[in-house]
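Undergrad: The structure that follows is given in the form of C-alpha coordinates.
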Amino acid sequence: MTSPAVGIQRVIVYEGPEALPFEAAVRADLLQTLLGRGYAASLRRAGGRLVDLGHESIVVLGRFAGSIPDWMQRGVEGVDLHVHDIADRTIDEAVGLVEQSCQETGRGTANGWKPWFPVIDYDRCTNCMQCLSFCLFDVYGVTPGGKITVQNESNCKTDCPACSRVCPDVAILFPKYKAGPINGDEVNSDDVRREAMKVDISALLGGDIYAMLRDRSAKAKSRFSKERDDERALKERQRCLKKLKEDADLDIPADVLASLPSLDQIQQKAAAAKARADAAIKQNQANAAAQSDA
Amino acid sequence: MSSPQILYCHCAYARVVPEDVKQDVLAKLCASGQSFDGVADLCEMSAKKDPSLLPLAQQPGLKIAACYPRAVKWLFAAAGAPLQNDVQVLNMRTQSAEEIADELLNEGVSSSDHHYEENGQS
(Lines give C-alpha, C1' and ligand atoms only; values in the text may rest on other atoms or scores of the structure.)
Protein backbone atom coordinates (compact mmCIF):
# COMPACT_ATOMS: atom_id res chain seq x y z
CA MET A 1 0.00 0.00 0.00
CA THR A 2 1.09 3.54 -0.57
CA SER A 3 0.63 6.66 1.48
CA PRO A 4 -2.09 9.20 0.78
CA ALA A 5 0.73 11.77 0.74
CA VAL A 6 1.72 10.63 -2.75
CA GLY A 7 -1.84 10.26 -4.08
CA ILE A 8 -4.60 12.38 -2.68
CA GLN A 9 -2.31 14.92 -1.11
CA ARG A 10 -4.82 16.88 0.89
CA VAL A 11 -8.47 16.78 1.88
CA ILE A 12 -10.09 20.17 2.26
CA VAL A 13 -13.15 20.57 4.41
CA TYR A 14 -14.61 23.59 2.65
CA GLU A 15 -16.80 26.20 4.30
CA GLY A 16 -16.00 29.13 2.04
CA PRO A 17 -18.34 31.08 -0.24
CA GLU A 18 -21.17 29.04 -1.78
CA ALA A 19 -21.00 26.40 0.94
CA LEU A 20 -22.87 25.96 4.20
CA PRO A 21 -20.98 25.58 7.46
CA PHE A 22 -20.82 22.27 9.30
CA GLU A 23 -22.00 21.91 12.88
CA ALA A 24 -19.00 22.30 15.20
CA ALA A 25 -19.09 18.71 16.44
CA VAL A 26 -19.42 17.30 12.90
CA ARG A 27 -16.56 19.47 11.67
CA ALA A 28 -14.28 18.31 14.49
CA ASP A 29 -15.25 14.64 14.09
CA LEU A 30 -14.70 14.75 10.33
CA LEU A 31 -11.25 16.31 10.62
CA GLN A 32 -10.22 14.01 13.43
CA THR A 33 -11.31 10.95 11.45
CA LEU A 34 -9.45 12.07 8.33
CA LEU A 35 -6.25 12.87 10.24
CA GLY A 36 -6.49 9.64 12.20
CA ARG A 37 -6.65 7.69 8.94
CA GLY A 38 -3.47 9.28 7.67
CA TYR A 39 -4.78 12.08 5.46
CA ALA A 40 -3.53 15.63 5.43
CA ALA A 41 -6.68 17.63 6.05
CA SER A 42 -7.37 21.35 6.05
CA LEU A 43 -10.30 23.48 7.09
CA ARG A 44 -11.06 26.36 4.78
CA ARG A 45 -13.38 29.16 5.85
CA ALA A 46 -14.20 32.39 4.03
CA GLY A 47 -10.96 33.91 2.85
CA GLY A 48 -9.01 30.68 3.09
CA ARG A 49 -7.21 29.62 -0.04
CA LEU A 50 -8.16 26.37 -1.71
CA VAL A 51 -4.95 25.54 -3.51
CA ASP A 52 -1.57 27.12 -3.17
CA LEU A 53 0.42 24.67 -1.14
CA GLY A 54 1.68 22.97 -4.27
CA HIS A 55 -0.70 20.03 -4.13
CA GLU A 56 -1.55 18.31 -7.36
CA SER A 57 -4.38 16.15 -6.08
CA ILE A 58 -7.03 17.39 -3.70
CA VAL A 59 -10.38 16.18 -2.39
CA VAL A 60 -12.86 18.89 -1.41
CA LEU A 61 -15.69 18.04 0.98
CA GLY A 62 -18.44 20.61 1.44
CA ARG A 63 -22.12 21.17 2.12
CA PHE A 64 -23.11 22.62 -1.23
CA ALA A 65 -26.84 21.89 -0.88
CA GLY A 66 -26.95 20.07 -4.20
CA SER A 67 -25.05 22.63 -6.21
CA ILE A 68 -21.29 22.46 -6.44
CA PRO A 69 -19.93 25.92 -7.38
CA ASP A 70 -19.20 26.36 -11.07
CA TRP A 71 -15.57 27.28 -10.54
CA MET A 72 -15.00 24.04 -8.65
CA GLN A 73 -16.73 22.03 -11.36
CA ARG A 74 -14.54 23.69 -13.99
CA GLY A 75 -11.52 22.68 -11.92
CA VAL A 76 -8.28 24.42 -11.14
CA GLU A 77 -5.40 24.40 -13.59
CA GLY A 78 -2.68 21.96 -12.63
CA VAL A 79 -4.74 20.39 -9.87
CA ASP A 80 -6.59 17.10 -9.90
CA LEU A 81 -9.67 18.25 -7.98
CA HIS A 82 -12.23 15.80 -6.60
CA VAL A 83 -15.24 17.69 -5.19
CA HIS A 84 -17.92 15.96 -3.13
CA ASP A 85 -21.13 17.39 -1.74
CA ILE A 86 -21.53 15.70 1.66
CA ALA A 87 -24.58 17.65 2.83
CA ASP A 88 -26.58 14.47 3.37
CA ARG A 89 -23.70 12.15 4.20
CA THR A 90 -22.51 10.71 7.49
CA ILE A 91 -18.88 11.07 8.46
CA ASP A 92 -18.15 7.47 7.54
CA GLU A 93 -19.73 8.02 4.13
CA ALA A 94 -17.72 11.20 3.61
CA VAL A 95 -14.48 9.42 4.50
CA GLY A 96 -15.56 6.62 2.17
CA LEU A 97 -15.74 9.14 -0.68
CA VAL A 98 -12.17 10.20 0.08
CA GLU A 99 -11.03 6.59 0.04
CA GLN A 100 -12.89 6.07 -3.21
CA SER A 101 -11.02 9.01 -4.75
CA CYS A 102 -7.78 7.43 -3.56
CA GLN A 103 -8.66 4.19 -5.31
CA GLU A 104 -9.63 6.03 -8.49
CA THR A 105 -6.24 7.68 -8.58
CA GLY A 106 -4.54 4.37 -7.96
CA ARG A 107 -3.41 5.32 -4.49
CA GLY A 108 -4.09 3.53 -1.25
CA THR A 109 -4.28 4.46 2.37
CA ALA A 110 -1.54 4.83 4.95
CA ASN A 111 0.78 1.83 5.17
CA GLY A 112 0.71 1.68 8.97
CA TRP A 113 4.45 2.14 9.41
CA LYS A 114 5.23 3.78 12.72
CA PRO A 115 7.58 6.54 11.59
CA TRP A 116 10.48 5.70 13.88
CA PHE A 117 13.84 6.95 12.68
CA PRO A 118 16.68 9.19 13.86
CA VAL A 119 16.65 12.92 13.19
CA ILE A 120 19.95 14.76 13.41
CA ASP A 121 20.23 18.07 15.24
CA TYR A 122 22.94 19.71 13.13
CA ASP A 123 23.28 22.52 15.67
CA ARG A 124 24.86 19.90 17.97
CA CYS A 125 26.31 17.33 15.56
CA THR A 126 30.10 17.41 15.20
CA ASN A 127 30.16 14.95 12.29
CA CYS A 128 32.14 12.41 14.38
CA MET A 129 30.51 9.49 12.52
CA GLN A 130 30.01 7.41 15.70
CA CYS A 131 26.39 6.79 14.68
CA LEU A 132 27.53 5.57 11.28
CA SER A 133 30.03 3.22 12.94
CA PHE A 134 27.48 1.98 15.44
CA CYS A 135 24.39 1.30 13.34
CA LEU A 136 24.22 -2.21 11.85
CA PHE A 137 21.25 -1.47 9.64
CA ASP A 138 22.61 1.11 7.18
CA VAL A 139 20.31 3.83 8.48
CA TYR A 140 23.09 6.41 8.26
CA GLY A 141 25.12 7.55 5.30
CA VAL A 142 27.42 10.34 4.23
CA THR A 143 26.51 13.09 1.77
CA PRO A 144 28.81 13.83 -1.18
CA GLY A 145 29.96 16.81 0.89
CA GLY A 146 31.10 14.53 3.73
CA LYS A 147 28.23 15.23 6.11
CA ILE A 148 26.57 12.54 8.18
CA THR A 149 22.96 12.03 7.13
CA VAL A 150 20.01 9.70 7.65
CA GLN A 151 19.60 7.89 4.36
CA ASN A 152 17.44 4.81 5.05
CA GLU A 153 14.80 5.83 7.58
CA SER A 154 12.70 2.70 7.17
CA ASN A 155 15.68 0.45 8.03
CA CYS A 156 15.58 1.74 11.61
CA LYS A 157 14.37 -0.71 14.26
CA THR A 158 11.12 0.55 15.77
CA ASP A 159 11.47 1.84 19.34
CA CYS A 160 15.26 1.35 19.37
CA PRO A 161 17.04 4.61 20.26
CA ALA A 162 20.48 3.00 20.74
CA CYS A 163 22.39 5.22 18.28
CA SER A 164 21.17 8.31 20.10
CA ARG A 165 22.54 6.86 23.34
CA VAL A 166 26.03 6.49 21.89
CA CYS A 167 26.08 9.98 20.35
CA PRO A 168 28.57 11.99 22.43
CA ASP A 169 26.92 15.28 21.51
CA VAL A 170 23.27 14.38 22.19
CA ALA A 171 22.60 15.30 18.56
CA ILE A 172 20.33 12.42 17.58
CA LEU A 173 16.60 12.72 18.18
CA PHE A 174 13.79 10.25 18.00
CA PRO A 175 10.73 12.54 18.14
CA LYS A 176 8.45 9.69 19.23
CA TYR A 177 10.72 8.58 22.09
CA LYS A 178 9.26 8.72 25.59
CA ALA A 179 11.86 10.90 27.31
CA GLY A 180 14.15 13.86 26.83
CA PRO A 181 16.47 14.91 25.44
CA ILE A 182 16.13 12.14 22.83
CA ASN A 183 12.53 13.19 22.13
CA GLY A 184 13.67 16.71 21.25
CA ASP A 185 13.43 18.26 24.69
CA GLU A 186 16.14 20.80 25.47
CA VAL A 187 19.61 19.40 26.19
CA ASN A 188 21.20 20.38 29.50
CA SER A 189 24.77 19.97 30.73
CA ASP A 190 23.90 16.82 32.72
CA ASP A 191 22.68 15.16 29.52
CA VAL A 192 25.95 15.92 27.77
CA ARG A 193 28.01 14.59 30.70
CA ARG A 194 25.92 11.41 30.89
CA GLU A 195 26.30 10.70 27.18
CA ALA A 196 30.05 11.22 27.36
CA MET A 197 30.23 8.66 30.20
CA LYS A 198 28.38 6.10 28.10
CA VAL A 199 30.92 6.40 25.33
CA ASP A 200 33.71 5.84 27.86
CA ILE A 201 31.96 2.72 29.13
CA SER A 202 31.68 1.45 25.57
CA ALA A 203 35.43 2.00 25.10
CA LEU A 204 36.22 0.12 28.33
CA LEU A 205 34.34 -2.87 26.96
CA GLY A 206 36.78 -2.97 24.08
CA GLY A 207 34.70 -0.70 21.87
CA ASP A 208 32.74 -3.67 20.57
CA ILE A 209 29.42 -3.23 22.26
CA TYR A 210 27.71 -5.60 19.84
CA ALA A 211 29.98 -8.47 20.85
CA MET A 212 29.01 -7.83 24.46
CA LEU A 213 25.32 -7.71 23.61
CA ARG A 214 25.53 -10.86 21.52
CA ASP A 215 27.48 -12.74 24.16
CA ARG A 216 25.00 -11.88 26.88
CA SER A 217 22.06 -12.66 24.63
CA ALA A 218 23.59 -16.08 23.85
CA LYS A 219 23.99 -16.78 27.57
CA ALA A 220 20.37 -15.86 28.13
CA LYS A 221 19.28 -18.19 25.31
CA SER A 222 21.45 -21.02 26.65
CA ARG A 223 19.92 -20.72 30.07
CA PHE A 224 16.50 -20.68 28.45
CA SER A 225 17.15 -23.91 26.55
CA LYS A 226 18.06 -25.77 29.76
CA GLU A 227 14.83 -24.90 31.47
CA ARG A 228 12.08 -27.51 31.48
CA ASP A 229 9.35 -25.30 32.81
CA ASP A 230 8.33 -23.12 29.84
CA GLU A 231 6.73 -20.41 31.88
CA ARG A 232 9.67 -20.22 34.26
CA ALA A 233 12.08 -20.24 31.33
CA LEU A 234 10.23 -17.40 29.66
CA LYS A 235 10.41 -15.35 32.82
CA GLU A 236 14.13 -16.08 33.10
CA ARG A 237 14.75 -15.02 29.54
CA GLN A 238 12.78 -11.84 30.05
CA ARG A 239 14.79 -11.18 33.22
CA CYS A 240 18.06 -11.71 31.34
CA LEU A 241 17.05 -9.45 28.50
CA LYS A 242 15.89 -6.81 30.96
CA LYS A 243 19.23 -7.00 32.77
CA LEU A 244 21.06 -6.79 29.47
CA LYS A 245 19.12 -3.68 28.52
CA GLU A 246 19.72 -2.10 31.90
CA ASP A 247 23.44 -2.95 31.98
CA ALA A 248 24.13 -1.68 28.50
CA ASP A 249 21.81 1.28 29.15
CA LEU A 250 21.03 1.62 25.46
CA ASP A 251 17.29 0.99 25.76
CA ILE A 252 17.32 -1.53 22.92
CA PRO A 253 13.94 -3.30 22.68
CA ALA A 254 14.00 -7.01 23.54
CA ASP A 255 12.81 -8.02 20.08
CA VAL A 256 15.69 -6.15 18.47
CA LEU A 257 18.18 -7.82 20.82
CA ALA A 258 16.64 -11.21 20.19
CA SER A 259 16.91 -10.72 16.44
CA LEU A 260 20.55 -9.67 16.35
CA PRO A 261 22.43 -11.58 13.65
CA SER A 262 25.26 -14.00 14.41
CA LEU A 263 28.47 -12.70 15.95
CA ASP A 264 30.33 -13.15 12.64
CA GLN A 265 27.69 -11.16 10.78
CA ILE A 266 27.72 -8.47 13.43
CA GLN A 267 31.48 -8.19 13.21
CA GLN A 268 31.38 -7.96 9.43
CA LYS A 269 28.67 -5.31 9.46
CA ALA A 270 30.38 -3.35 12.23
CA ALA A 271 33.70 -3.47 10.38
CA ALA A 272 32.07 -2.28 7.15
CA ALA A 273 30.26 0.54 8.93
CA LYS A 274 33.44 1.59 10.72
CA ALA A 275 35.36 1.57 7.43
CA ARG A 276 32.76 3.89 5.88
CA ALA A 277 32.96 6.20 8.88
CA ASP A 278 36.78 6.23 8.84
CA ALA A 279 36.82 6.94 5.12
CA ALA A 280 34.40 9.84 5.56
CA ILE A 281 36.44 11.29 8.42
CA LYS A 282 39.68 10.99 6.43
CA GLN A 283 38.06 12.65 3.42
CA ASN A 284 36.74 15.47 5.57
CA GLN A 285 40.19 15.97 7.13
CA ALA A 286 41.79 16.04 3.68
CA ASN A 287 39.21 18.57 2.48
CA ALA A 288 39.80 20.74 5.54
CA ALA A 289 43.59 20.60 5.01
CA ALA A 290 43.19 21.51 1.34
CA GLN A 291 40.97 24.45 2.28
CA SER A 292 43.43 25.76 4.85
CA ASP A 293 46.31 25.45 2.34
CA ALA A 294 44.30 27.41 -0.18
CA MET B 1 -7.24 36.08 0.17
CA SER B 2 -5.60 35.76 3.56
CA SER B 3 -3.56 32.63 4.25
CA PRO B 4 -4.09 30.38 7.22
CA GLN B 5 -0.86 30.10 9.08
CA ILE B 6 -1.75 27.41 11.57
CA LEU B 7 -0.44 23.88 11.20
CA TYR B 8 -1.72 21.09 13.44
CA CYS B 9 0.04 17.70 13.69
CA HIS B 10 -2.18 14.81 14.75
CA CYS B 11 0.80 12.52 15.61
CA ALA B 12 -1.38 9.69 14.32
CA TYR B 13 1.15 6.86 14.49
CA ALA B 14 2.24 7.00 18.12
CA ARG B 15 0.78 7.72 21.52
CA VAL B 16 3.34 10.17 22.74
CA VAL B 17 1.04 13.19 22.58
CA PRO B 18 -1.74 12.99 25.20
CA GLU B 19 -4.96 12.06 23.39
CA ASP B 20 -7.08 14.58 25.30
CA VAL B 21 -4.71 17.43 24.45
CA LYS B 22 -4.72 16.53 20.75
CA GLN B 23 -8.51 16.29 20.67
CA ASP B 24 -9.05 19.49 22.62
CA VAL B 25 -6.65 21.51 20.47
CA LEU B 26 -8.31 20.23 17.31
CA ALA B 27 -11.79 20.92 18.70
CA LYS B 28 -10.80 24.47 19.64
CA LEU B 29 -9.34 25.07 16.19
CA CYS B 30 -12.52 23.76 14.58
CA ALA B 31 -14.65 26.02 16.76
CA SER B 32 -12.50 29.09 16.20
CA GLY B 33 -13.79 30.20 12.82
CA GLN B 34 -10.26 30.17 11.40
CA SER B 35 -8.86 28.17 8.53
CA PHE B 36 -5.97 25.85 9.31
CA ASP B 37 -3.92 23.00 7.86
CA GLY B 38 -3.67 19.62 9.53
CA VAL B 39 -1.28 16.75 8.90
CA ALA B 40 -1.61 13.19 10.11
CA ASP B 41 1.98 12.87 11.28
CA LEU B 42 4.90 15.21 10.67
CA CYS B 43 7.38 12.40 11.35
CA GLU B 44 5.94 10.31 8.53
CA MET B 45 6.00 13.26 6.14
CA SER B 46 9.60 14.02 7.07
CA ALA B 47 10.69 10.41 6.59
CA LYS B 48 9.12 10.43 3.13
CA LYS B 49 10.54 13.86 2.29
CA ASP B 50 7.00 14.93 1.45
CA PRO B 51 7.24 17.89 -0.96
CA SER B 52 4.19 19.57 0.59
CA LEU B 53 6.27 20.34 3.70
CA LEU B 54 8.19 23.04 1.85
CA PRO B 55 5.25 25.37 1.07
CA LEU B 56 3.97 24.78 4.60
CA ALA B 57 7.35 25.73 6.06
CA GLN B 58 7.66 28.83 3.93
CA GLN B 59 4.51 30.49 5.25
CA PRO B 60 5.43 33.65 7.10
CA GLY B 61 4.27 33.80 10.71
CA LEU B 62 3.50 30.08 10.79
CA LYS B 63 2.28 28.62 14.09
CA ILE B 64 2.64 24.88 14.60
CA ALA B 65 0.93 22.70 17.19
CA ALA B 66 3.00 19.54 17.42
CA CYS B 67 5.69 18.40 19.87
CA TYR B 68 9.13 19.62 21.01
CA PRO B 69 10.31 22.62 18.97
CA ARG B 70 13.79 21.12 18.49
CA ALA B 71 12.25 17.96 17.04
CA VAL B 72 9.87 19.88 14.78
CA LYS B 73 12.66 22.09 13.49
CA TRP B 74 14.90 19.17 12.49
CA LEU B 75 12.02 17.09 11.08
CA PHE B 76 11.33 19.89 8.60
CA ALA B 77 15.04 20.36 7.91
CA ALA B 78 15.49 16.63 7.27
CA ALA B 79 12.80 16.86 4.59
CA GLY B 80 14.58 19.73 2.86
CA ALA B 81 11.98 22.20 4.13
CA PRO B 82 13.67 24.41 6.71
CA LEU B 83 11.36 26.50 8.86
CA GLN B 84 11.42 30.28 8.80
CA ASN B 85 12.93 32.13 11.75
CA ASP B 86 9.58 33.55 12.81
CA VAL B 87 7.87 30.18 13.22
CA GLN B 88 6.19 29.52 16.55
CA VAL B 89 6.07 25.90 17.76
CA LEU B 90 3.65 24.85 20.50
CA ASN B 91 4.27 21.60 22.30
CA MET B 92 1.26 19.33 22.80
CA ARG B 93 3.43 16.95 24.87
CA THR B 94 3.98 19.50 27.61
CA GLN B 95 1.49 22.37 27.22
CA SER B 96 -2.23 22.37 27.96
CA ALA B 97 -4.83 22.54 25.20
CA GLU B 98 -6.05 25.89 26.52
CA GLU B 99 -2.59 27.40 26.45
CA ILE B 100 -1.91 26.09 22.95
CA ALA B 101 -5.25 27.23 21.54
CA ASP B 102 -4.77 30.68 23.06
CA GLU B 103 -1.40 31.04 21.43
CA LEU B 104 -2.48 29.62 18.09
CA LEU B 105 -5.52 31.80 17.80
CA ASN B 106 -4.31 35.03 19.37
CA GLU B 107 -2.30 37.56 17.48
CA GLY B 108 0.02 38.36 20.36
CA VAL B 109 3.29 36.69 21.29
CA SER B 110 3.73 35.32 24.78
CA SER B 111 6.76 34.38 26.83
CA SER B 112 6.26 30.67 26.18
CA ASP B 113 6.54 31.00 22.40
CA HIS B 114 9.39 29.18 20.73
CA HIS B 115 10.87 31.35 18.02
CA TYR B 116 13.97 30.35 16.15
CA GLU B 117 16.91 32.70 16.18
CA GLU B 118 19.61 32.97 13.56
CA ASN B 119 21.55 30.02 14.98
CA GLY B 120 18.44 27.86 14.80
CA GLN B 121 18.11 27.16 18.53
CA SER B 122 14.69 27.63 19.99
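Labels used: A, B, ... for chains in the order of the C-alpha coordinates, numbers from 1 for residues in each chain, and numbers from 1 for ligands as shown.
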Please determine the contact residues of chain B with respect to chain A at a cut-off of 6 Å, counting only C-alpha atoms, and supply them as an NGL selection string.
TA: :B and (1-3 or 12-13 or 27 or 30-31 or 35-40 or 43-44 or 55 or 68 or 70-71)
Undergrad: So which residues of range 48-171 of chain A fall under helix (DSSP H, G or I) by DSSP, listed as a ChimeraX atom specification?
TA: /A:70-74,91-104,130-134,153-155,162-166
Undergrad: At a cut-off of 6 Å, using only C-alpha atoms, what residues contact range 79-90 of chain A? Leave out same-chain residues fewer than 6 positions from it and give the result as a ChimeraX atom specification.
TA: /A:56-64
Undergrad: For the selection you just gave me, I'd like the residues written to a file as a PDB file, in the first residue's frame, keeping N, CA, C and O atoms.
TA:
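Printed below is selection_10.pdb as written:
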ATOM      1  N   GLU A  56      -1.059  18.619  -6.012  1.00  0.00           N
ATOM      2  CA  GLU A  56      -1.547  18.309  -7.357  1.00  0.00           C
ATOM      3  C   GLU A  56      -2.840  17.520  -7.316  1.00  0.00           C
ATOM      4  O   GLU A  56      -3.503  17.339  -8.335  1.00  0.00           O
ATOM      5  N   SER A  57      -3.195  17.003  -6.175  1.00  0.00           N
ATOM      6  CA  SER A  57      -4.377  16.145  -6.078  1.00  0.00           C
ATOM      7  C   SER A  57      -5.087  16.435  -4.754  1.00  0.00           C
ATOM      8  O   SER A  57      -4.529  16.212  -3.686  1.00  0.00           O
ATOM      9  N   ILE A  58      -6.308  16.932  -4.884  1.00  0.00           N
ATOM     10  CA  ILE A  58      -7.032  17.393  -3.698  1.00  0.00           C
ATOM     11  C   ILE A  58      -8.471  16.890  -3.718  1.00  0.00           C
ATOM     12  O   ILE A  58      -9.114  16.881  -4.764  1.00  0.00           O
ATOM     13  N   VAL A  59      -8.955  16.489  -2.551  1.00  0.00           N
ATOM     14  CA  VAL A  59     -10.379  16.176  -2.392  1.00  0.00           C
ATOM     15  C   VAL A  59     -11.016  17.321  -1.617  1.00  0.00           C
ATOM     16  O   VAL A  59     -10.479  17.745  -0.590  1.00  0.00           O
ATOM     17  N   VAL A  60     -12.128  17.829  -2.110  1.00  0.00           N
ATOM     18  CA  VAL A  60     -12.862  18.890  -1.410  1.00  0.00           C
ATOM     19  C   VAL A  60     -14.176  18.312  -0.906  1.00  0.00           C
ATOM     20  O   VAL A  60     -14.921  17.703  -1.675  1.00  0.00           O
ATOM     21  N   LEU A  61     -14.426  18.470   0.378  1.00  0.00           N
ATOM     22  CA  LEU A  61     -15.687  18.038   0.978  1.00  0.00           C
ATOM     23  C   LEU A  61     -16.434  19.279   1.455  1.00  0.00           C
ATOM     24  O   LEU A  61     -15.871  20.095   2.196  1.00  0.00           O
ATOM     25  N   GLY A  62     -17.692  19.427   1.018  1.00  0.00           N
ATOM     26  CA  GLY A  62     -18.442  20.610   1.438  1.00  0.00           C
ATOM     27  C   GLY A  62     -19.935  20.317   1.495  1.00  0.00           C
ATOM     28  O   GLY A  62     -20.401  19.285   1.004  1.00  0.00           O
ATOM     29  N   ARG A  63     -20.641  21.248   2.120  1.00  0.00           N
ATOM     30  CA  ARG A  63     -22.115  21.167   2.123  1.00  0.00           C
ATOM     31  C   ARG A  63     -22.617  22.170   1.099  1.00  0.00           C
ATOM     32  O   ARG A  63     -22.821  23.337   1.407  1.00  0.00           O
ATOM     33  N   PHE A  64     -22.770  21.706  -0.126  1.00  0.00           N
ATOM     34  CA  PHE A  64     -23.113  22.619  -1.225  1.00  0.00           C
ATOM     35  C   PHE A  64     -24.614  22.629  -1.509  1.00  0.00           C
ATOM     36  O   PHE A  64     -25.059  23.239  -2.462  1.00  0.00           O
TER      37      PHE A  64
END
Undergrad: Out of A:Pro261, A:Pro161, A:Gly146, A:Pro253, which residue has the shortest atom-to-atom distance to Asp278 in chain A when counting only C-alpha atoms?
TA: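 Answer, going by the shortest atom-to-atom distance: A:Gly146.
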Undergrad: Rounded to one decimal place, report the CA of Ala14 in chain B-CA of Asp159 in chain A distance in Å.
TA: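 So the two atoms, CA of Ala14 in chain B and CA of Asp159 in chain A, lie 10.6 Å apart.
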Undergrad: So the first atom is CA of Pro69 in chain A and the second is CA of Glu18 in chain A; what is the distance between them in Å, to one decimal place?
TA: 6.5 Å
